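**Student:** See input39.cif below, with mmCIF, C-alpha atoms.
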data_input
loop_
_atom_site.label_atom_id
_atom_site.label_comp_id
_atom_site.auth_asym_id
_atom_site.auth_seq_id
_atom_site.Cartn_x
_atom_site.Cartn_y
_atom_site.Cartn_z
CA MET A 51 0.00 0.00 0.00
CA THR A 52 2.85 2.35 0.86
CA ASP A 53 4.51 1.61 -2.46
CA MET A 54 1.25 2.41 -4.27
CA ARG A 55 0.94 5.77 -2.51
CA THR A 56 4.56 6.54 -3.32
CA SER A 57 3.97 5.67 -6.97
CA LEU A 58 0.85 7.85 -7.14
CA TRP A 59 2.73 10.71 -5.48
CA ARG A 60 5.15 10.73 -8.40
CA PHE A 61 2.30 11.79 -10.68
CA GLU A 62 1.45 14.88 -8.60
CA PRO A 63 3.49 17.27 -10.82
CA VAL A 64 1.69 15.84 -13.88
CA ALA A 65 -1.71 16.51 -12.28
CA TRP A 66 -0.67 20.07 -11.44
CA LEU A 67 0.61 20.53 -14.99
CA PHE A 68 -2.87 19.65 -16.26
CA VAL A 69 -4.48 22.16 -13.85
CA ARG A 70 -1.98 24.82 -14.90
CA LEU A 71 -2.70 24.28 -18.58
CA VAL A 72 -6.47 24.41 -18.05
CA LEU A 73 -6.14 27.77 -16.31
CA ALA A 74 -3.53 28.99 -18.78
CA VAL A 75 -5.80 28.39 -21.76
CA GLU A 76 -8.62 30.35 -20.15
CA TRP A 77 -6.41 33.27 -19.14
CA VAL A 78 -4.60 33.51 -22.48
CA ARG A 79 -7.87 33.28 -24.38
CA GLY A 80 -9.43 36.06 -22.28
CA GLY A 81 -6.38 38.32 -22.53
CA TRP A 82 -5.87 37.72 -26.25
CA GLU A 83 -9.45 38.81 -26.97
CA LYS A 84 -8.85 42.09 -25.15
CA VAL A 85 -5.41 43.08 -26.47
CA GLY A 86 -5.94 45.26 -29.51
CA ASP A 87 -9.71 45.19 -29.08
CA PRO A 88 -11.57 48.55 -29.29
CA GLY A 89 -12.67 49.57 -25.83
CA TRP A 90 -9.84 47.72 -24.17
CA THR A 91 -6.34 48.53 -25.45
CA ALA A 92 -7.45 50.15 -28.72
CA SER A 93 -9.37 53.39 -29.17
CA PRO A 94 -11.58 54.17 -27.37
CA VAL A 95 -9.29 52.80 -24.66
CA GLY A 96 -11.12 51.92 -21.45
CA ALA A 97 -14.63 52.18 -22.89
CA ALA A 98 -15.29 48.49 -22.27
CA VAL A 99 -14.08 48.83 -18.68
CA ASN A 100 -16.35 51.84 -18.19
CA GLY A 101 -19.35 49.92 -19.46
CA PHE A 102 -18.53 46.87 -17.35
CA LEU A 103 -18.06 48.91 -14.18
CA ASN A 104 -21.21 50.99 -14.68
CA GLY A 105 -23.12 47.74 -15.10
CA ALA A 106 -21.65 46.56 -11.79
CA ILE A 107 -22.80 49.78 -10.10
CA GLU A 108 -26.36 49.13 -11.28
CA LYS A 109 -26.20 45.67 -9.69
CA SER A 110 -25.21 47.21 -6.35
CA THR A 111 -28.48 49.12 -5.92
CA ALA A 112 -30.90 46.17 -5.89
CA GLY A 113 -32.20 45.56 -2.36
CA PRO A 114 -30.37 45.12 0.95
CA HIS A 115 -28.27 42.22 -0.37
CA PRO A 116 -27.22 43.28 -3.87
CA GLU A 117 -25.24 41.15 -6.30
CA VAL A 118 -22.39 43.67 -6.07
CA PRO A 119 -21.43 44.68 -2.50
CA HIS A 120 -21.85 48.33 -1.54
CA TRP A 121 -18.17 48.59 -0.53
CA TYR A 122 -17.15 47.40 -4.00
CA HIS A 123 -19.49 50.01 -5.48
CA ARG A 124 -17.49 52.68 -3.62
CA LEU A 125 -14.22 51.17 -4.78
CA ILE A 126 -15.42 51.26 -8.38
CA GLN A 127 -16.43 54.89 -8.16
CA GLU A 128 -13.35 56.11 -6.30
CA MET A 129 -10.59 54.01 -7.84
CA PHE A 130 -11.54 51.99 -10.91
CA LEU A 131 -13.67 54.38 -12.98
CA PRO A 132 -11.27 57.36 -12.73
CA ASN A 133 -8.48 55.05 -13.97
CA ALA A 134 -10.44 52.99 -16.49
CA ASP A 135 -7.78 53.41 -19.20
CA LEU A 136 -5.06 52.06 -16.92
CA PHE A 137 -7.16 49.13 -15.73
CA ALA A 138 -8.01 48.22 -19.33
CA TYR A 139 -4.31 47.62 -19.98
CA LEU A 140 -3.75 45.94 -16.61
CA VAL A 141 -6.57 43.46 -17.12
CA ALA A 142 -5.80 42.64 -20.75
CA TYR A 143 -2.06 42.16 -20.37
CA GLY A 144 -2.41 40.81 -16.83
CA GLU A 145 -4.57 37.95 -18.10
CA LEU A 146 -2.02 37.18 -20.82
CA LEU A 147 0.90 37.21 -18.38
CA VAL A 148 -0.91 35.03 -15.84
CA GLY A 149 -1.75 32.52 -18.56
CA PHE A 150 1.79 32.49 -19.92
CA ALA A 151 3.34 32.07 -16.45
CA LEU A 152 1.02 29.17 -15.60
CA ALA A 153 1.65 27.49 -18.95
CA VAL A 154 5.43 27.48 -18.57
CA GLY A 155 5.43 27.04 -14.79
CA LEU A 156 7.16 30.33 -13.99
CA LEU A 157 6.60 31.55 -10.39
CA THR A 158 3.55 29.32 -10.50
CA ARG A 159 1.97 30.05 -7.14
CA PHE A 160 2.47 33.81 -7.51
CA ALA A 161 0.85 33.63 -10.97
CA ALA A 162 -2.04 31.65 -9.47
CA LEU A 163 -2.41 34.36 -6.78
CA ALA A 164 -2.58 37.05 -9.48
CA GLY A 165 -5.23 35.00 -11.29
CA VAL A 166 -7.27 34.53 -8.11
CA THR A 167 -7.14 38.31 -7.56
CA LEU A 168 -8.59 38.87 -11.03
CA ASN A 169 -11.26 36.21 -10.46
CA LEU A 170 -12.31 37.88 -7.21
CA ALA A 171 -12.44 41.30 -8.87
CA PHE A 172 -14.76 39.92 -11.58
CA LEU A 173 -16.93 38.05 -9.08
CA TRP A 174 -17.32 41.07 -6.82
CA ALA A 175 -18.39 43.01 -9.92
CA GLY A 176 -21.27 40.54 -10.34
CA THR A 177 -19.79 38.39 -13.14
CA THR A 178 -19.74 34.63 -12.63
CA SER A 179 -19.02 32.96 -16.02
CA THR A 180 -15.96 30.69 -15.55
CA ASN A 181 -14.67 32.62 -12.53
CA PRO A 182 -15.88 30.24 -9.75
CA PRO A 183 -14.14 27.09 -11.07
CA MET A 184 -11.05 29.08 -12.04
CA LEU A 185 -10.97 30.57 -8.55
CA LEU A 186 -11.13 27.12 -6.95
CA LEU A 187 -8.35 25.76 -9.17
CA GLY A 188 -6.22 28.82 -8.49
CA LEU A 189 -6.68 28.47 -4.75
CA GLY A 190 -5.72 24.81 -5.04
CA LEU A 191 -2.46 25.79 -6.72
CA ILE A 192 -1.71 28.39 -4.05
CA VAL A 193 -2.50 26.22 -1.02
CA PHE A 194 -1.44 22.75 -2.13
CA GLY A 195 0.78 23.33 -5.16
CA GLN A 196 4.22 23.27 -3.58
CA ARG A 197 5.40 21.17 -6.54
CA ALA A 198 3.00 22.64 -9.09
CA GLY A 199 5.79 24.17 -11.18
CA ARG A 200 8.15 21.22 -11.05
CA LEU A 201 7.33 20.32 -14.66
CA GLY A 202 8.09 23.86 -15.75
CA LEU A 203 10.61 26.65 -15.33
CA ASP A 204 10.16 26.59 -11.55
CA GLY A 205 11.72 23.12 -11.54
CA TRP A 206 14.98 24.84 -12.46
CA LEU A 207 14.45 28.38 -11.15
CA LEU A 208 13.43 27.68 -7.54
CA PRO A 209 16.36 25.34 -6.72
CA TRP A 210 18.69 27.88 -8.38
CA LEU A 211 17.27 30.67 -6.20
CA ARG A 212 17.49 28.57 -3.03
CA GLU A 213 21.20 28.05 -3.68
CA ARG A 214 21.94 31.73 -4.30
CA VAL A 215 19.52 33.68 -2.12
CA PRO A 216 20.49 33.71 1.58
CA ALA A 217 18.06 32.00 3.93
CA ARG A 218 17.60 35.25 5.89
CA ALA A 219 16.59 37.11 2.72
CA ARG A 220 14.05 34.41 1.88
CA GLN A 221 12.66 34.64 5.42
CA LEU A 222 12.36 38.42 5.15
CA GLY A 223 10.54 38.00 1.84
CA ARG A 224 8.04 35.61 3.41
CA GLU A 225 7.55 37.97 6.36
CA ALA A 226 6.96 40.90 3.99
CA LEU A 227 4.36 38.90 2.05
CA PHE A 228 2.67 37.90 5.31
CA LEU A 229 2.55 41.54 6.45
CA ALA A 230 1.14 42.61 3.08
CA ALA A 231 -1.54 39.91 3.36
CA VAL A 232 -2.47 41.09 6.87
CA VAL A 233 -2.73 44.73 5.74
CA ALA A 234 -4.79 43.75 2.69
CA GLY A 235 -7.07 41.57 4.81
CA ALA A 236 -7.57 44.37 7.34
CA TRP A 237 -8.34 46.84 4.56
CA LEU A 238 -10.87 44.48 2.95
CA ALA A 239 -12.50 43.89 6.32
CA LEU A 240 -12.70 47.63 6.86
CA VAL A 241 -14.33 48.41 3.52
CA ALA A 242 -16.70 45.43 3.81
CA ALA A 243 -17.89 46.27 7.34
CA ASP A 244 -18.51 49.41 9.37
CA TRP A 245 -15.95 50.75 11.85
CA THR A 246 -17.70 49.37 14.94
CA THR A 247 -17.91 45.84 13.53
CA TRP A 248 -14.28 45.98 12.37
CA LEU A 249 -13.03 47.22 15.75
CA ALA A 250 -15.13 44.66 17.66
CA LEU A 251 -13.75 41.78 15.59
CA ALA A 252 -10.19 43.13 15.88
CA ALA A 253 -10.60 43.33 19.67
CA LEU A 254 -11.95 39.77 19.76
CA ALA A 255 -9.00 38.49 17.74
CA ALA A 256 -6.56 40.34 20.00
CA ALA A 257 -8.22 38.89 23.12
CA VAL A 258 -8.03 35.35 21.73
CA ALA A 259 -4.37 35.89 20.80
CA LEU A 260 -3.61 37.16 24.32
CA VAL A 261 -5.23 34.13 25.94
CA ALA A 262 -3.43 31.81 23.52
CA ALA A 263 -0.10 33.46 24.32
CA ARG A 264 -0.65 33.12 28.07
CA THR A 265 -1.56 29.43 27.75
CA GLY A 266 1.36 28.65 25.44
CA LEU A 267 -0.77 27.88 22.37
CA LEU A 268 1.22 30.37 20.26
CA ALA A 269 4.59 28.89 21.21
CA PRO A 270 6.40 26.73 18.63
CA THR A 271 5.38 23.08 18.88
CA GLY A 272 8.71 21.98 20.29
CA ASN A 273 8.62 24.65 23.03
CA ARG A 274 5.16 23.92 24.46
CA GLY A 275 5.25 23.02 28.09
CA SER A 276 8.94 23.98 28.49
CA ARG A 277 10.07 26.80 30.74
#
Render the structure in this file as structure tokens.
**Tutor:**
Amino acid sequence: MTDMRTSLWRFEPVAWLFVRLVLAVEWVRGGWEKVGDPGWTASPVGAAVNGFLNGAIEKSTAGPHPEVPHWYHRLIQEMFLPNADLFAYLVAYGELLVGFALAVGLLTRFAALAGVTLNLAFLWAGTTSTNPPMLLLGLGLIVFGQRAGRLGLDGWLLPWLRERVPARARQLGREALFLAAVVAGAWLALVAADWTTWLALAALAAAVALVAARTGLLAPTGNRGSR
């Protein structure tokens, strides 16, 4: 039985290659249709983005639980619409780059994260289409795909980087990404909820962390119970 599991484990990079290619085809197809297309990256640049975002705003006014959240409505009005031309280029070429990176296995998990970000942006704007399954596959690559790029450029690039980048620098990079994720999560929580809810939940999290620290639950596994 152990030998069978070991044999199946060898096919994990092949399975991830299939997932990568499925996502890559969808991203490249979507980006290719936009590059050079009027309303996207050809005159009138940004017109398609304007139309898409105004449609999302209309969906945010239907009832107490609209298809597009009210906080995303504000984000559209304050950030996306004033920069529609820029976002037209970012979306079109971003989809192409994500698809290319996934196809060749270059910085695979980062590319999957970029793809998930785009999927979420489309879903929050009230567009489902192929975004839900692509989101799930992208999250799978991020969470479980430690070897997702082995049959790709990452199979050469990541070992090369590990040999040449000091361990401390890699640790600092991970800590910076973690901090960025915390800040982004706090910002999303703030725009999605009112101040009182946000502060109450932050206080609850801090209280739980304090209790966990006092009882040793936050200590490294090997240090629990030691004084």
**Student:** Hey, which of A:Val118, A:Leu201, A:Phe172, A:Val85 ends up closest to Gly144 (chain A)? Count all atoms listed in the file.
**Tutor:**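 Smallest distance to Gly144 (chain A) is found for A:Val85.
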**Student:** Go through A:Val141, A:Leu170, A:Val69, A:Leu136 and flag the residue nearest Glu83 (chain A), using all atoms listed in the file for the distances.
**Tutor:**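 That would be A:Val141, the residue with the smallest distance to Glu83 (chain A).
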**Student:** Tell me, in Å to one decimal, how far CA of Leu152 (chain A) is from CA of Arg200 (chain A).
**Tutor:**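 Spanning CA of Leu152 (chain A) to CA of Arg200 (chain A) is a straight-line distance of 11.6 Å.
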**Student:** My list of candidates is A:Asp135, A:Glu145, A:Glu108, A:Glu117. Which is closest to Gly81 (chain A) when distances are computed with only C-alpha atoms?
**Tutor:**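 That would be A:Glu145, the residue with the smallest distance to Gly81 (chain A).
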**Student:** So what do you get for CA of Arg159 (chain A) versus CA of Arg70 (chain A), distance-wise?
**Tutor:** 10.2 Å
**Student:** Find the residue from A:Gly155, A:Gly202, A:Pro132, A:Pro209 that sits nearest to Val99 (chain A); use only C-alpha atoms when measuring.
**Tutor:**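 Nearest to Val99 (chain A): A:Pro132.
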**Student:** So how far away is CA of Asp244 (chain A) from CA of Ala259 (chain A), in Å?
**Tutor:**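 If I compute the distance from CA of Ala259 (chain A) to CA of Asp244 (chain A), I get 22.7 Å.
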**Student:** Taking all atoms of region 65-81 of chain A that the file lists and extending 4 Å past them on each side, where is the centre of the axis-aligned box and how long are its edges? Answer in Å to one decimal, as JSON.
**Tutor:**
{"center_x": -4.4, "center_y": 27.4, "center_z": -17.9, "size_x": 18.0, "size_y": 29.8, "size_z": 20.9}
**Student:** Of the candidates A:Ala175, A:Ala198, A:Ala262, A:Ala92, which one gets nearest to Ala142 (chain A) if we count all atoms listed in the file?
**Tutor:**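 When distances to Ala142 (chain A) are compared using all atoms listed in the file, the smallest one comes from A:Ala92.
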**Student:** For Gly176 (chain A), work out the shell of residues within 10 Å, counting only C-alpha atoms and skipping chain neighbours fewer than 4 positions away, then give it as a CSV table (one decimal) with C-alpha atoms, keeping the file's coordinate frame.
**Tutor:**
chain,number,residue,atom,x,y,z
A,102,PHE,CA,-18.5,46.9,-17.4
A,103,LEU,CA,-18.1,48.9,-14.2
A,105,GLY,CA,-23.1,47.7,-15.1
A,106,ALA,CA,-21.6,46.6,-11.8
A,107,ILE,CA,-22.8,49.8,-10.1
A,109,LYS,CA,-26.2,45.7,-9.7
A,110,SER,CA,-25.2,47.2,-6.4
A,116,PRO,CA,-27.2,43.3,-3.9
A,117,GLU,CA,-25.2,41.2,-6.3
A,118,VAL,CA,-22.4,43.7,-6.1
A,119,PRO,CA,-21.4,44.7,-2.5
A,170,LEU,CA,-12.3,37.9,-7.2
A,171,ALA,CA,-12.4,41.3,-8.9
A,172,PHE,CA,-14.8,39.9,-11.6
**Student:** Write out as a list in words the residues lying within 8 Å of Glu76 (chain A), counting only C-alpha atoms and excluding same-chain residues fewer than 4 positions away.
**Tutor:**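 In the requested format, the answer is Val72, Gly80 and Gly149 of chain A.
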**Student:** With the PyMOL selection byres ((chain A and resi 208) around 12) as the selection, what would be picked from this file? Answer as a PDB file with C-alpha atoms, in the frame of the given file, please.
**Tutor:**
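And here's out-v5.pdb as it stands now:
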ATOM      1  CA  GLY A 155       5.430  27.040 -14.790  1.00  0.00           C
ATOM      2  CA  LEU A 156       7.160  30.330 -13.990  1.00  0.00           C
ATOM      3  CA  LEU A 157       6.600  31.550 -10.390  1.00  0.00           C
ATOM      4  CA  THR A 158       3.550  29.320 -10.500  1.00  0.00           C
ATOM      5  CA  ARG A 159       1.970  30.050  -7.140  1.00  0.00           C
ATOM      6  CA  GLN A 196       4.220  23.270  -3.580  1.00  0.00           C
ATOM      7  CA  ARG A 197       5.400  21.170  -6.540  1.00  0.00           C
ATOM      8  CA  ALA A 198       3.000  22.640  -9.090  1.00  0.00           C
ATOM      9  CA  GLY A 199       5.790  24.170 -11.180  1.00  0.00           C
ATOM     10  CA  ARG A 200       8.150  21.220 -11.050  1.00  0.00           C
ATOM     11  CA  LEU A 201       7.330  20.320 -14.660  1.00  0.00           C
ATOM     12  CA  GLY A 202       8.090  23.860 -15.750  1.00  0.00           C
ATOM     13  CA  LEU A 203      10.610  26.650 -15.330  1.00  0.00           C
ATOM     14  CA  ASP A 204      10.160  26.590 -11.550  1.00  0.00           C
ATOM     15  CA  GLY A 205      11.720  23.120 -11.540  1.00  0.00           C
ATOM     16  CA  TRP A 206      14.980  24.840 -12.460  1.00  0.00           C
ATOM     17  CA  LEU A 207      14.450  28.380 -11.150  1.00  0.00           C
ATOM     18  CA  PRO A 209      16.360  25.340  -6.720  1.00  0.00           C
ATOM     19  CA  TRP A 210      18.690  27.880  -8.380  1.00  0.00           C
ATOM     20  CA  LEU A 211      17.270  30.670  -6.200  1.00  0.00           C
ATOM     21  CA  ARG A 212      17.490  28.570  -3.030  1.00  0.00           C
ATOM     22  CA  GLU A 213      21.200  28.050  -3.680  1.00  0.00           C
ATOM     23  CA  ARG A 214      21.940  31.730  -4.300  1.00  0.00           C
ATOM     24  CA  VAL A 215      19.520  33.680  -2.120  1.00  0.00           C
ATOM     25  CA  ARG A 220      14.050  34.410   1.880  1.00  0.00           C
TER      26      ARG A 220
END
**Student:** Which residue is closest to Phe194 (chain A)? Choose from A:Val261, A:Ala162, A:Leu222, A:Leu73 and count all atoms listed in the file.
**Tutor:**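 Checking each candidate against Phe194 (chain A), we get A:Ala162 as the closest.
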**Student:** For the structure provided, state which residues fall under the PyMOL selection byres ((chain A and resi 180) around 12), and present them as a list in words.
**Tutor:**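 When the PyMOL selection byres ((chain A and resi 180) around 12) is applied to the shown file, the picked residues are Val72, Leu73, Glu76, Trp77, Gly80, Leu168, Asn169, Leu170, Phe172, Leu173, Thr177, Thr178, Ser179, Asn181, Pro182, Pro183, Met184, Leu185, Leu186 and Leu187 of chain A.
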